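Coordinates from structure-v9.cif are shown below (mmCIF, C-alpha atoms).
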data_work
loop_
_atom_site.group_PDB
_atom_site.id
_atom_site.type_symbol
_atom_site.label_atom_id
_atom_site.label_comp_id
_atom_site.auth_asym_id
_atom_site.auth_seq_id
_atom_site.Cartn_x
_atom_site.Cartn_y
_atom_site.Cartn_z
ATOM 1 C CA MET A 1 0.000 0.000 0.000
ATOM 2 C CA GLY A 2 1.130 3.554 -0.696
ATOM 3 C CA LYS A 3 1.470 6.580 1.557
ATOM 4 C CA GLY A 4 -1.417 8.385 -0.132
ATOM 5 C CA ASN A 5 0.159 11.858 -0.064
ATOM 6 C CA ILE A 6 -1.959 14.400 -1.972
ATOM 7 C CA LEU A 7 -0.009 16.631 -4.368
ATOM 8 C CA TYR A 8 -1.849 19.948 -4.413
ATOM 9 C CA GLY A 9 -0.864 22.330 -7.212
ATOM 10 C CA ARG A 10 -0.947 25.288 -4.819
ATOM 11 C CA MET A 11 2.012 23.817 -2.880
ATOM 12 C CA VAL A 12 4.302 24.387 -5.880
ATOM 13 C CA GLY A 13 2.363 27.194 -7.564
ATOM 14 C CA ASP A 14 2.565 29.716 -4.717
ATOM 15 C CA LYS A 15 6.358 29.859 -4.937
ATOM 16 C CA ILE A 16 6.251 30.334 -8.723
ATOM 17 C CA LEU A 17 3.670 33.114 -8.398
ATOM 18 C CA GLU A 18 5.815 34.892 -5.808
ATOM 19 C CA GLU A 19 8.714 34.879 -8.281
ATOM 20 C CA VAL A 20 6.443 36.100 -11.099
ATOM 21 C CA ALA A 21 5.041 38.956 -8.983
ATOM 22 C CA LYS A 22 8.593 40.019 -8.125
ATOM 23 C CA GLY A 23 9.634 39.864 -11.798
ATOM 24 C CA VAL A 24 6.586 41.861 -12.918
ATOM 25 C CA GLN A 25 7.390 44.562 -10.366
ATOM 26 C CA GLU A 26 11.016 44.745 -11.523
ATOM 27 C CA ILE A 27 9.926 45.140 -15.167
ATOM 28 C CA LYS A 28 7.441 47.827 -14.182
ATOM 29 C CA GLU A 29 10.076 49.799 -12.271
ATOM 30 C CA LYS A 30 12.624 49.539 -15.096
ATOM 31 C CA TYR A 31 10.396 49.949 -18.173
ATOM 32 C CA GLY A 32 7.145 51.390 -16.781
ATOM 33 C CA LYS A 33 5.286 48.453 -18.352
ATOM 34 C CA SER A 34 3.292 45.485 -17.031
ATOM 35 C CA PRO A 35 2.625 42.324 -19.067
ATOM 36 C CA LEU A 36 -0.705 42.060 -20.876
ATOM 37 C CA LEU A 37 -2.161 38.590 -21.420
ATOM 38 C CA MET A 38 -4.934 38.273 -24.024
ATOM 39 C CA THR A 39 -7.258 35.270 -24.247
ATOM 40 C CA LEU A 40 -9.450 34.338 -27.197
ATOM 41 C CA GLU A 41 -12.451 32.039 -26.820
ATOM 42 C CA VAL A 42 -14.658 30.918 -29.700
ATOM 43 C CA GLY A 43 -18.016 29.604 -28.523
ATOM 44 C CA ASP A 44 -18.731 28.610 -24.938
ATOM 45 C CA ASN A 45 -17.139 25.674 -23.085
ATOM 46 C CA PRO A 46 -17.877 24.924 -19.382
ATOM 47 C CA ALA A 47 -14.340 23.673 -18.653
ATOM 48 C CA SER A 48 -12.849 26.785 -20.278
ATOM 49 C CA ARG A 49 -15.025 28.998 -18.076
ATOM 50 C CA VAL A 50 -13.445 27.505 -14.958
ATOM 51 C CA TYR A 51 -9.963 27.979 -16.441
ATOM 52 C CA LEU A 52 -10.651 31.586 -17.543
ATOM 53 C CA SER A 53 -11.884 32.569 -14.088
ATOM 54 C CA SER A 54 -8.787 31.078 -12.460
ATOM 55 C CA GLN A 55 -6.510 32.821 -14.977
ATOM 56 C CA ARG A 56 -8.042 36.255 -14.407
ATOM 57 C CA LYS A 57 -7.860 35.989 -10.612
ATOM 58 C CA THR A 58 -4.241 34.790 -10.658
ATOM 59 C CA ALA A 59 -3.156 37.449 -13.180
ATOM 60 C CA GLU A 60 -4.548 40.183 -10.955
ATOM 61 C CA GLU A 61 -2.676 38.747 -7.952
ATOM 62 C CA VAL A 62 0.721 38.986 -9.685
ATOM 63 C CA GLY A 63 0.186 42.300 -11.487
ATOM 64 C CA ILE A 64 -0.446 40.981 -15.005
ATOM 65 C CA ASN A 65 -3.121 42.747 -17.047
ATOM 66 C CA TYR A 66 -5.697 40.296 -18.379
ATOM 67 C CA GLU A 67 -8.196 40.739 -21.204
ATOM 68 C CA THR A 68 -10.629 38.310 -22.849
ATOM 69 C CA ILE A 69 -12.234 38.398 -26.280
ATOM 70 C CA GLN A 70 -15.306 36.170 -26.526
ATOM 71 C CA LEU A 71 -16.347 35.263 -30.077
ATOM 72 C CA SER A 72 -19.465 33.446 -31.193
ATOM 73 C CA ALA A 73 -19.293 29.795 -32.275
ATOM 74 C CA ALA A 74 -20.202 30.980 -35.794
ATOM 75 C CA THR A 75 -16.978 33.004 -36.150
ATOM 76 C CA SER A 76 -15.218 32.155 -39.412
ATOM 77 C CA GLN A 77 -11.650 30.886 -39.558
ATOM 78 C CA GLU A 78 -10.661 33.905 -41.680
ATOM 79 C CA ARG A 79 -11.982 36.355 -39.083
ATOM 80 C CA LEU A 80 -10.202 34.496 -36.287
ATOM 81 C CA LEU A 81 -6.908 34.494 -38.219
ATOM 82 C CA ASN A 82 -7.231 38.222 -38.922
ATOM 83 C CA MET A 83 -7.809 38.877 -35.235
ATOM 84 C CA ILE A 84 -4.716 36.891 -34.279
ATOM 85 C CA ARG A 85 -2.624 38.786 -36.850
ATOM 86 C CA ASP A 86 -3.743 42.063 -35.288
ATOM 87 C CA ILE A 87 -2.820 40.783 -31.815
ATOM 88 C CA ASN A 88 0.575 39.609 -33.112
ATOM 89 C CA LYS A 89 1.319 43.171 -34.302
ATOM 90 C CA ASP A 90 0.034 44.925 -31.180
ATOM 91 C CA PRO A 91 3.072 45.894 -29.021
ATOM 92 C CA TYR A 92 0.889 46.270 -25.918
ATOM 93 C CA ILE A 93 -0.162 42.594 -25.965
ATOM 94 C CA ASN A 94 2.589 40.293 -24.714
ATOM 95 C CA GLY A 95 0.891 36.901 -24.517
ATOM 96 C CA LEU A 96 -1.960 35.199 -26.367
ATOM 97 C CA ILE A 97 -4.018 32.141 -25.428
ATOM 98 C CA LEU A 98 -6.461 30.486 -27.803
ATOM 99 C CA HIS A 99 -8.864 28.374 -25.760
ATOM 100 C CA LEU A 100 -9.769 24.932 -27.085
ATOM 101 C CA PRO A 101 -11.782 23.205 -28.363
ATOM 102 C CA LEU A 102 -12.571 25.358 -31.378
ATOM 103 C CA PRO A 103 -15.754 24.844 -33.445
ATOM 104 C CA LYS A 104 -15.476 22.027 -36.002
ATOM 105 C CA HIS A 105 -15.387 24.388 -39.005
ATOM 106 C CA ILE A 106 -12.080 25.872 -37.797
ATOM 107 C CA ASN A 107 -8.735 24.118 -38.361
ATOM 108 C CA THR A 108 -7.148 24.232 -34.898
ATOM 109 C CA LYS A 109 -3.549 23.718 -36.003
ATOM 110 C CA ILE A 110 -3.656 26.399 -38.707
ATOM 111 C CA VAL A 111 -5.020 28.907 -36.212
ATOM 112 C CA GLN A 112 -2.675 27.966 -33.357
ATOM 113 C CA TRP A 113 0.354 28.062 -35.621
ATOM 114 C CA SER A 114 -0.486 31.612 -36.700
ATOM 115 C CA ILE A 115 0.343 32.910 -33.198
ATOM 116 C CA GLU A 116 3.588 34.890 -32.984
ATOM 117 C CA GLN A 117 6.266 32.692 -31.366
ATOM 118 C CA LYS A 118 7.234 35.304 -28.780
ATOM 119 C CA LYS A 119 3.557 35.680 -27.702
ATOM 120 C CA ASP A 120 2.833 31.951 -27.697
ATOM 121 C CA VAL A 121 2.554 31.599 -23.910
ATOM 122 C CA GLU A 122 1.027 28.120 -24.204
ATOM 123 C CA GLY A 123 3.987 26.859 -26.247
ATOM 124 C CA VAL A 124 1.871 25.419 -29.077
ATOM 125 C CA THR A 125 3.585 26.828 -32.189
ATOM 126 C CA PRO A 126 5.989 24.712 -34.277
ATOM 127 C CA MET A 127 8.949 26.958 -33.372
ATOM 128 C CA ASN A 128 8.448 26.652 -29.607
ATOM 129 C CA LEU A 129 7.713 22.916 -29.772
ATOM 130 C CA GLY A 130 10.720 22.446 -32.057
ATOM 131 C CA GLN A 131 12.985 24.203 -29.583
ATOM 132 C CA LEU A 132 11.638 21.955 -26.815
ATOM 133 C CA PHE A 133 12.400 18.911 -28.997
ATOM 134 C CA LEU A 134 15.986 20.120 -29.403
ATOM 135 C CA GLY A 135 16.375 21.069 -25.728
ATOM 136 C CA MET A 136 16.713 24.778 -26.548
ATOM 137 C CA PRO A 137 15.194 27.726 -24.619
ATOM 138 C CA GLY A 138 11.640 28.683 -25.591
ATOM 139 C CA LEU A 139 8.086 28.899 -24.259
ATOM 140 C CA ILE A 140 7.160 25.410 -23.023
ATOM 141 C CA PRO A 141 3.540 24.198 -22.712
ATOM 142 C CA CYS A 142 2.279 25.140 -19.247
ATOM 143 C CA THR A 143 0.607 21.849 -18.333
ATOM 144 C CA ALA A 144 3.730 19.903 -19.270
ATOM 145 C CA GLN A 145 5.853 22.142 -17.015
ATOM 146 C CA SER A 146 3.313 21.692 -14.207
ATOM 147 C CA ILE A 147 3.405 17.907 -14.419
ATOM 148 C CA VAL A 148 7.196 17.748 -14.281
ATOM 149 C CA ALA A 149 7.306 20.262 -11.392
ATOM 150 C CA LEU A 150 4.813 18.191 -9.373
ATOM 151 C CA ILE A 151 6.828 15.035 -9.966
ATOM 152 C CA LYS A 152 10.068 16.758 -8.924
ATOM 153 C CA SER A 153 8.397 18.165 -5.796
ATOM 154 C CA THR A 154 8.313 14.604 -4.403
ATOM 155 C CA GLY A 155 12.128 14.482 -4.452
ATOM 156 C CA VAL A 156 12.198 11.461 -6.783
ATOM 157 C CA ASP A 157 15.325 10.788 -8.861
ATOM 158 C CA LEU A 158 13.975 10.582 -12.424
ATOM 159 C CA LYS A 159 16.992 8.856 -13.972
ATOM 160 C CA GLY A 160 15.889 5.485 -15.345
ATOM 161 C CA ARG A 161 12.431 5.631 -13.720
ATOM 162 C CA GLU A 162 9.621 3.771 -15.476
ATOM 163 C CA VAL A 163 7.157 6.435 -16.640
ATOM 164 C CA THR A 164 3.865 5.712 -18.381
ATOM 165 C CA ILE A 165 2.033 8.574 -20.085
ATOM 166 C CA ILE A 166 -1.555 8.058 -21.252
ATOM 167 C CA GLY A 167 -2.517 10.566 -23.941
ATOM 168 C CA ASN A 168 -0.263 12.039 -26.627
ATOM 169 C CA SER A 169 -1.617 15.545 -27.217
ATOM 170 C CA ASP A 170 0.712 18.231 -28.582
ATOM 171 C CA ILE A 171 0.510 20.353 -25.401
ATOM 172 C CA VAL A 172 0.550 17.650 -22.703
ATOM 173 C CA GLY A 173 1.549 14.088 -23.557
ATOM 174 C CA LYS A 174 4.231 14.765 -26.173
ATOM 175 C CA PRO A 175 5.993 17.668 -24.406
ATOM 176 C CA VAL A 176 5.895 15.838 -21.051
ATOM 177 C CA ALA A 177 7.539 12.847 -22.726
ATOM 178 C CA LEU A 178 10.271 15.113 -24.149
ATOM 179 C CA LEU A 179 10.887 16.853 -20.801
ATOM 180 C CA LEU A 180 11.141 13.538 -18.948
ATOM 181 C CA MET A 181 13.430 12.026 -21.594
ATOM 182 C CA GLN A 182 15.715 15.017 -21.032
ATOM 183 C CA GLU A 183 15.768 13.902 -17.366
ATOM 184 C CA GLU A 184 16.824 10.395 -18.549
ATOM 185 C CA ALA A 185 13.583 8.711 -17.490
ATOM 186 C CA THR A 186 12.329 5.590 -19.297
ATOM 187 C CA VAL A 187 9.159 6.811 -21.014
ATOM 188 C CA THR A 188 6.259 4.833 -22.503
ATOM 189 C CA VAL A 189 3.418 6.717 -24.217
ATOM 190 C CA CYS A 190 0.010 5.022 -24.449
ATOM 191 C CA GLN A 191 -3.085 5.954 -26.443
ATOM 192 C CA LEU A 192 -6.777 5.210 -26.063
ATOM 193 C CA THR A 193 -6.116 2.508 -28.645
ATOM 194 C CA THR A 194 -3.804 0.879 -26.076
ATOM 195 C CA TYR A 195 -6.869 0.576 -23.839
ATOM 196 C CA GLU A 196 -9.051 -0.654 -26.697
ATOM 197 C CA ARG A 197 -6.539 -3.446 -27.432
ATOM 198 C CA GLY A 198 -6.532 -4.454 -23.766
ATOM 199 C CA PHE A 199 -2.910 -3.557 -22.975
ATOM 200 C CA LEU A 200 -3.332 -0.408 -20.876
ATOM 201 C CA LYS A 201 -3.550 -2.221 -17.550
ATOM 202 C CA GLU A 202 -0.115 -3.836 -17.894
ATOM 203 C CA HIS A 203 1.538 -0.510 -18.775
ATOM 204 C CA VAL A 204 -0.073 1.167 -15.750
ATOM 205 C CA GLN A 205 0.945 -1.675 -13.433
ATOM 206 C CA ARG A 206 4.595 -1.250 -14.459
ATOM 207 C CA ALA A 207 4.682 2.534 -13.997
ATOM 208 C CA GLU A 208 6.651 4.020 -11.110
ATOM 209 C CA ILE A 209 5.359 7.379 -12.369
ATOM 210 C CA LEU A 210 1.966 7.509 -14.075
ATOM 211 C CA ILE A 211 0.755 10.567 -16.000
ATOM 212 C CA VAL A 212 -2.772 10.536 -17.376
ATOM 213 C CA ALA A 213 -4.083 13.197 -19.766
ATOM 214 C CA ALA A 214 -6.670 11.445 -21.913
ATOM 215 C CA GLY A 215 -9.851 13.348 -21.050
ATOM 216 C CA HIS A 216 -11.809 10.172 -20.226
ATOM 217 C CA PRO A 217 -13.128 10.129 -16.635
ATOM 218 C CA GLY A 218 -12.304 6.967 -14.693
ATOM 219 C CA LEU A 219 -10.211 5.496 -17.532
ATOM 220 C CA VAL A 220 -7.529 4.244 -15.125
ATOM 221 C CA LYS A 221 -8.739 1.860 -12.432
ATOM 222 C CA GLY A 222 -7.280 2.400 -8.980
ATOM 223 C CA GLU A 223 -6.452 -1.281 -8.600
ATOM 224 C CA TRP A 224 -4.055 -1.044 -11.570
ATOM 225 C CA ILE A 225 -1.756 1.410 -9.802
ATOM 226 C CA LYS A 226 1.655 0.105 -8.743
ATOM 227 C CA ASP A 227 2.226 0.260 -4.972
ATOM 228 C CA GLY A 228 4.254 3.392 -4.159
ATOM 229 C CA ALA A 229 3.714 5.027 -7.558
ATOM 230 C CA ILE A 230 3.526 8.767 -8.263
ATOM 231 C CA VAL A 231 0.237 9.480 -10.066
ATOM 232 C CA ILE A 232 -0.341 12.758 -11.931
ATOM 233 C CA ASP A 233 -3.902 13.125 -13.223
ATOM 234 C CA ALA A 234 -4.083 15.905 -15.811
ATOM 235 C CA GLY A 235 -7.509 14.880 -17.071
ATOM 236 C CA ILE A 236 -10.227 17.510 -16.866
ATOM 237 C CA THR A 237 -13.753 16.756 -18.020
ATOM 238 C CA ALA A 238 -16.885 18.696 -17.071
ATOM 239 C CA VAL A 239 -19.711 16.301 -16.177
ATOM 240 C CA GLU A 240 -22.860 18.123 -15.057
ATOM 241 C CA ASP A 241 -21.640 20.331 -12.172
ATOM 242 C CA LYS A 242 -18.387 18.429 -11.518
ATOM 243 C CA ILE A 243 -14.860 18.447 -12.933
ATOM 244 C CA LEU A 244 -13.568 14.869 -13.186
ATOM 245 C CA GLY A 245 -10.115 13.389 -13.734
ATOM 246 C CA ASP A 246 -9.035 10.288 -15.645
ATOM 247 C CA VAL A 247 -8.009 8.199 -12.604
ATOM 248 C CA GLN A 248 -10.365 6.524 -10.118
ATOM 249 C CA PHE A 249 -9.030 8.588 -7.225
ATOM 250 C CA GLU A 250 -10.605 6.842 -4.213
ATOM 251 C CA GLU A 251 -8.930 3.512 -5.013
ATOM 252 C CA ALA A 252 -5.724 4.938 -6.507
ATOM 253 C CA VAL A 253 -4.927 7.019 -3.396
ATOM 254 C CA LYS A 254 -4.692 3.789 -1.371
ATOM 255 C CA LYS A 255 -1.883 2.476 -3.576
ATOM 256 C CA ALA A 256 0.044 5.580 -4.649
ATOM 257 C CA ASP A 257 2.711 7.329 -2.575
ATOM 258 C CA TYR A 258 1.767 10.627 -4.231
ATOM 259 C CA ILE A 259 -1.309 11.544 -6.264
ATOM 260 C CA THR A 260 -2.842 14.766 -7.613
ATOM 261 C CA PRO A 261 -6.512 15.575 -7.020
ATOM 262 C CA VAL A 262 -8.909 16.862 -9.707
ATOM 263 C CA PRO A 263 -9.569 19.716 -9.344
ATOM 264 C CA GLY A 264 -6.811 21.237 -7.214
ATOM 265 C CA GLY A 265 -3.799 19.517 -8.729
ATOM 266 C CA VAL A 266 -2.308 20.095 -12.169
ATOM 267 C CA GLY A 267 -4.811 22.771 -13.242
ATOM 268 C CA ILE A 268 -3.937 25.257 -10.501
ATOM 269 C CA LEU A 269 -0.223 24.904 -11.184
ATOM 270 C CA THR A 270 -0.790 25.226 -14.936
ATOM 271 C CA VAL A 271 -2.203 28.712 -14.361
ATOM 272 C CA ALA A 272 0.929 29.644 -12.384
ATOM 273 C CA TYR A 273 3.139 28.519 -15.271
ATOM 274 C CA LEU A 274 0.955 30.482 -17.679
ATOM 275 C CA MET A 275 1.782 33.628 -15.693
ATOM 276 C CA LYS A 276 5.466 32.673 -15.679
ATOM 277 C CA ASN A 277 5.406 32.186 -19.462
ATOM 278 C CA THR A 278 3.693 35.564 -19.905
ATOM 279 C CA LEU A 279 6.473 37.257 -17.950
ATOM 280 C CA GLU A 280 9.117 35.359 -19.950
ATOM 281 C CA ALA A 281 7.397 36.397 -23.196
ATOM 282 C CA LEU A 282 7.549 40.074 -22.196
ATOM 283 C CA LYS A 283 11.235 39.757 -21.279
ATOM 284 C CA TRP A 284 11.918 38.143 -24.670
ATOM 285 C CA GLN A 285 10.108 40.968 -26.478
ATOM 286 C CA LEU A 286 11.933 43.651 -24.467
ATOM 287 C CA ARG A 287 15.319 42.051 -25.260
ATOM 288 C CA ASP A 288 14.478 42.012 -28.959
ATOM 289 C CA ASN A 289 13.458 45.674 -28.865
ATOM 290 C CA GLU A 290 16.733 46.607 -27.156
ATOM 291 C CA GLU A 291 18.734 44.702 -29.770
ATOM 292 C CA ASP A 292 16.863 46.529 -32.535
#
Representation of the structure as structure tokens:
Amino acid sequence: MGKGNILYGRMVGDKILEEVAKGVQEIKEKYGKSPLLMTLEVGDNPASRVYLSSQRKTAEEVGINYETIQLSAATSQERLLNMIRDINKDPYINGLILHLPLPKHINTKIVQWSIEQKKDVEGVTPMNLGQLFLGMPGLIPCTAQSIVALIKSTGVDLKGREVTIIGNSDIVGKPVALLLMQEEATVTVCQLTTYERGFLKEHVQRAEILIVAAGHPGLVKGEWIKDGAIVIDAGITAVEDKILGDVQFEEAVKKADYITPVPGGVGILTVAYLMKNTLEALKWQLRDNEED
């Protein structure tokens, strides 16, 4: 049986936010400027509403200006691209988030990839993801940073550790795999098709560190968890009035040494890293202006 320690995102996030608030104040004193984070939402998504509210509150706490543009679900791809181009050119806007999912008539990748690299605070553009792949400095996806920070907060030595990741999205599964490979962990990435073929259980049972980001509530049974494992549940699905994770928490907590709750785990820390990325984006833009 495991120790059942709960990994709350606030435990790590508070320290990051303190550093961000200090950095924002230093920039303001030196340049007379505070970061401005812009969010774009097309249509209405219950999970996004929770995330937007958390973002706004946290931004205010650290001195980052926060604005939201809400567009109807009928917005055309051309109009959305034009809006992003205008934001890219606006020197007063330092970071841009495009909330997903987008309506089906909009090509998500085309729109995401149109975001200026230096304003891509979610780290979703090919340039930022390419720099992550090569181990070079850039803006790294916030959820991926959060997951690795939570794992490291346990004090575990990652070298050679058996890690299983469930879900291979461009902003969670893939970047987490890259970050952990840079730490010399042994990484296995599973898909929903792994579950459909009946092999998911054996991969979970082998994992010393389990990361789940599939968006399917209760996908991972608690009884599958290896005794003493670290379990990071990055799943977030709105079901009626609840936000649910991908792991059956009540059973998993009995076997894991460390486990994140949903909500209160990865999501809270992700917002902290979003603020950190916004500050880093402003610093990058200021350096470029000085060089010019």
Please build the interface table for stretch 6-87 of chain A against stretch 99-110 of chain A with a cut-off of 10 Å, listing for each qualifying residue the nearest atom pair and the distance in Å to one decimal; count only C-alpha atoms, order rows by chain and increasing number, and write it as JSON lines.
{"residue": "A:Thr39", "atom": "CA", "partner": "A:His99", "partner_atom": "CA", "distance": 7.2}
{"residue": "A:Leu40", "atom": "CA", "partner": "A:His99", "partner_atom": "CA", "distance": 6.2}
{"residue": "A:Glu41", "atom": "CA", "partner": "A:His99", "partner_atom": "CA", "distance": 5.2}
{"residue": "A:Val42", "atom": "CA", "partner": "A:Leu102", "partner_atom": "CA", "distance": 6.2}
{"residue": "A:Gly43", "atom": "CA", "partner": "A:Pro103", "partner_atom": "CA", "distance": 7.2}
{"residue": "A:Asp44", "atom": "CA", "partner": "A:Pro101", "partner_atom": "CA", "distance": 9.4}
{"residue": "A:Asn45", "atom": "CA", "partner": "A:Pro101", "partner_atom": "CA", "distance": 7.9}
{"residue": "A:Ala47", "atom": "CA", "partner": "A:Leu100", "partner_atom": "CA", "distance": 9.7}
{"residue": "A:Ser48", "atom": "CA", "partner": "A:His99", "partner_atom": "CA", "distance": 7.0}
{"residue": "A:Arg49", "atom": "CA", "partner": "A:His99", "partner_atom": "CA", "distance": 9.9}
{"residue": "A:Tyr51", "atom": "CA", "partner": "A:His99", "partner_atom": "CA", "distance": 9.4}
{"residue": "A:Leu52", "atom": "CA", "partner": "A:His99", "partner_atom": "CA", "distance": 9.0}
{"residue": "A:Ser72", "atom": "CA", "partner": "A:Pro103", "partner_atom": "CA", "distance": 9.6}
{"residue": "A:Ala73", "atom": "CA", "partner": "A:Pro103", "partner_atom": "CA", "distance": 6.2}
{"residue": "A:Ala74", "atom": "CA", "partner": "A:Pro103", "partner_atom": "CA", "distance": 7.9}
{"residue": "A:Thr75", "atom": "CA", "partner": "A:Pro103", "partner_atom": "CA", "distance": 8.7}
{"residue": "A:Ser76", "atom": "CA", "partner": "A:Ile106", "partner_atom": "CA", "distance": 7.2}
{"residue": "A:Gln77", "atom": "CA", "partner": "A:Ile106", "partner_atom": "CA", "distance": 5.3}
{"residue": "A:Glu78", "atom": "CA", "partner": "A:Ile106", "partner_atom": "CA", "distance": 9.0}
{"residue": "A:Leu80", "atom": "CA", "partner": "A:Ile106", "partner_atom": "CA", "distance": 9.0}
{"residue": "A:Leu81", "atom": "CA", "partner": "A:Ile110", "partner_atom": "CA", "distance": 8.7}
The PyMOL selection byres ((chain A and resi 151) around 12) - which residues does that actually catch in the file I just gave you? List them as a PyMOL selection string. chain A and resi 6-9+12+144-150+152-158+161+163+176+179-180+183+185+208-211+229-233+257-260+265-266
Once the PyMOL selection byres ((chain A and resi 19) around 12) is applied to the coordinates I shared, what remains selected? I want it as a list of chain:residue names. A:Val12, A:Gly13, A:Asp14, A:Lys15, A:Ile16, A:Leu17, A:Glu18, A:Val20, A:Ala21, A:Lys22, A:Gly23, A:Val24, A:Gln25, A:Glu26, A:Val62, A:Gly63, A:Ala272, A:Tyr273, A:Met275, A:Lys276, A:Asn277, A:Leu279, A:Glu280
Could those residues be written to a file, using C-alpha atoms, as a compact mmCIF listing (two decimals), keeping the file's coordinate frame?
# COMPACT_ATOMS: atom_id res chain seq x y z
CA VAL A 12 4.30 24.39 -5.88
CA GLY A 13 2.36 27.19 -7.56
CA ASP A 14 2.56 29.72 -4.72
CA LYS A 15 6.36 29.86 -4.94
CA ILE A 16 6.25 30.33 -8.72
CA LEU A 17 3.67 33.11 -8.40
CA GLU A 18 5.82 34.89 -5.81
CA VAL A 20 6.44 36.10 -11.10
CA ALA A 21 5.04 38.96 -8.98
CA LYS A 22 8.59 40.02 -8.12
CA GLY A 23 9.63 39.86 -11.80
CA VAL A 24 6.59 41.86 -12.92
CA GLN A 25 7.39 44.56 -10.37
CA GLU A 26 11.02 44.74 -11.52
CA VAL A 62 0.72 38.99 -9.68
CA GLY A 63 0.19 42.30 -11.49
CA ALA A 272 0.93 29.64 -12.38
CA TYR A 273 3.14 28.52 -15.27
CA MET A 275 1.78 33.63 -15.69
CA LYS A 276 5.47 32.67 -15.68
CA ASN A 277 5.41 32.19 -19.46
CA LEU A 279 6.47 37.26 -17.95
CA GLU A 280 9.12 35.36 -19.95
To test your reading of the syntax: which residues would the PyMOL selection byres ((chain A and resi 123) around 9) return for the file shown? Reply as number ranges by chain. A: 117, 119-122, 124-129, 138-142, 171, 277
Kindly give the distance, in Å, that separates atom CA of A:Gln191 and atom CA of A:Trp113, rounded to a single decimal. 24.2 Å
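One distance worth recording is that between atom CA of A:Cys190 and atom CA of A:Ser169, which is 11.0 Å.
A straight line drawn from atom CA of A:Glu116 to atom CA of A:Trp284 is 12.2 Å long.
Shortest separation to A:Gly228 among A:Ser53, A:Met38, A:Asp90, A:Asn5 occurs at residue A:Asn5, atoms counted being all atoms listed in the file.
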Can you sort out the box for stretch 207-226 of chain A, edges along x, y and z, all listed atoms in, 4 Å on every side, with centre and edge lengths in Å to one decimal, as JSON?
{"center_x": -3.2, "center_y": 6.0, "center_z": -15.3, "size_x": 27.8, "size_y": 22.6, "size_z": 21.3}
Using all atoms listed in the file, the best pick from A:Ile97, A:Leu192, A:Val212, A:Leu134 as closest to A:Ile165 would be A:Val212
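Every polymer residue reaching to within 6 Å of (-0.7, 38.3, -22.4), counting all atoms listed in the file, appears in this list: A:Leu36, A:Leu37, A:Met38, A:Ile93, A:Asn94, A:Gly95, A:Leu96, A:Thr278.
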Residues near A:Ile64, cut-off 7 Å, all atoms listed in the file, skip fewer than 4 positions along chain, as a ChimeraX atom specification: /A:34-36,59-60
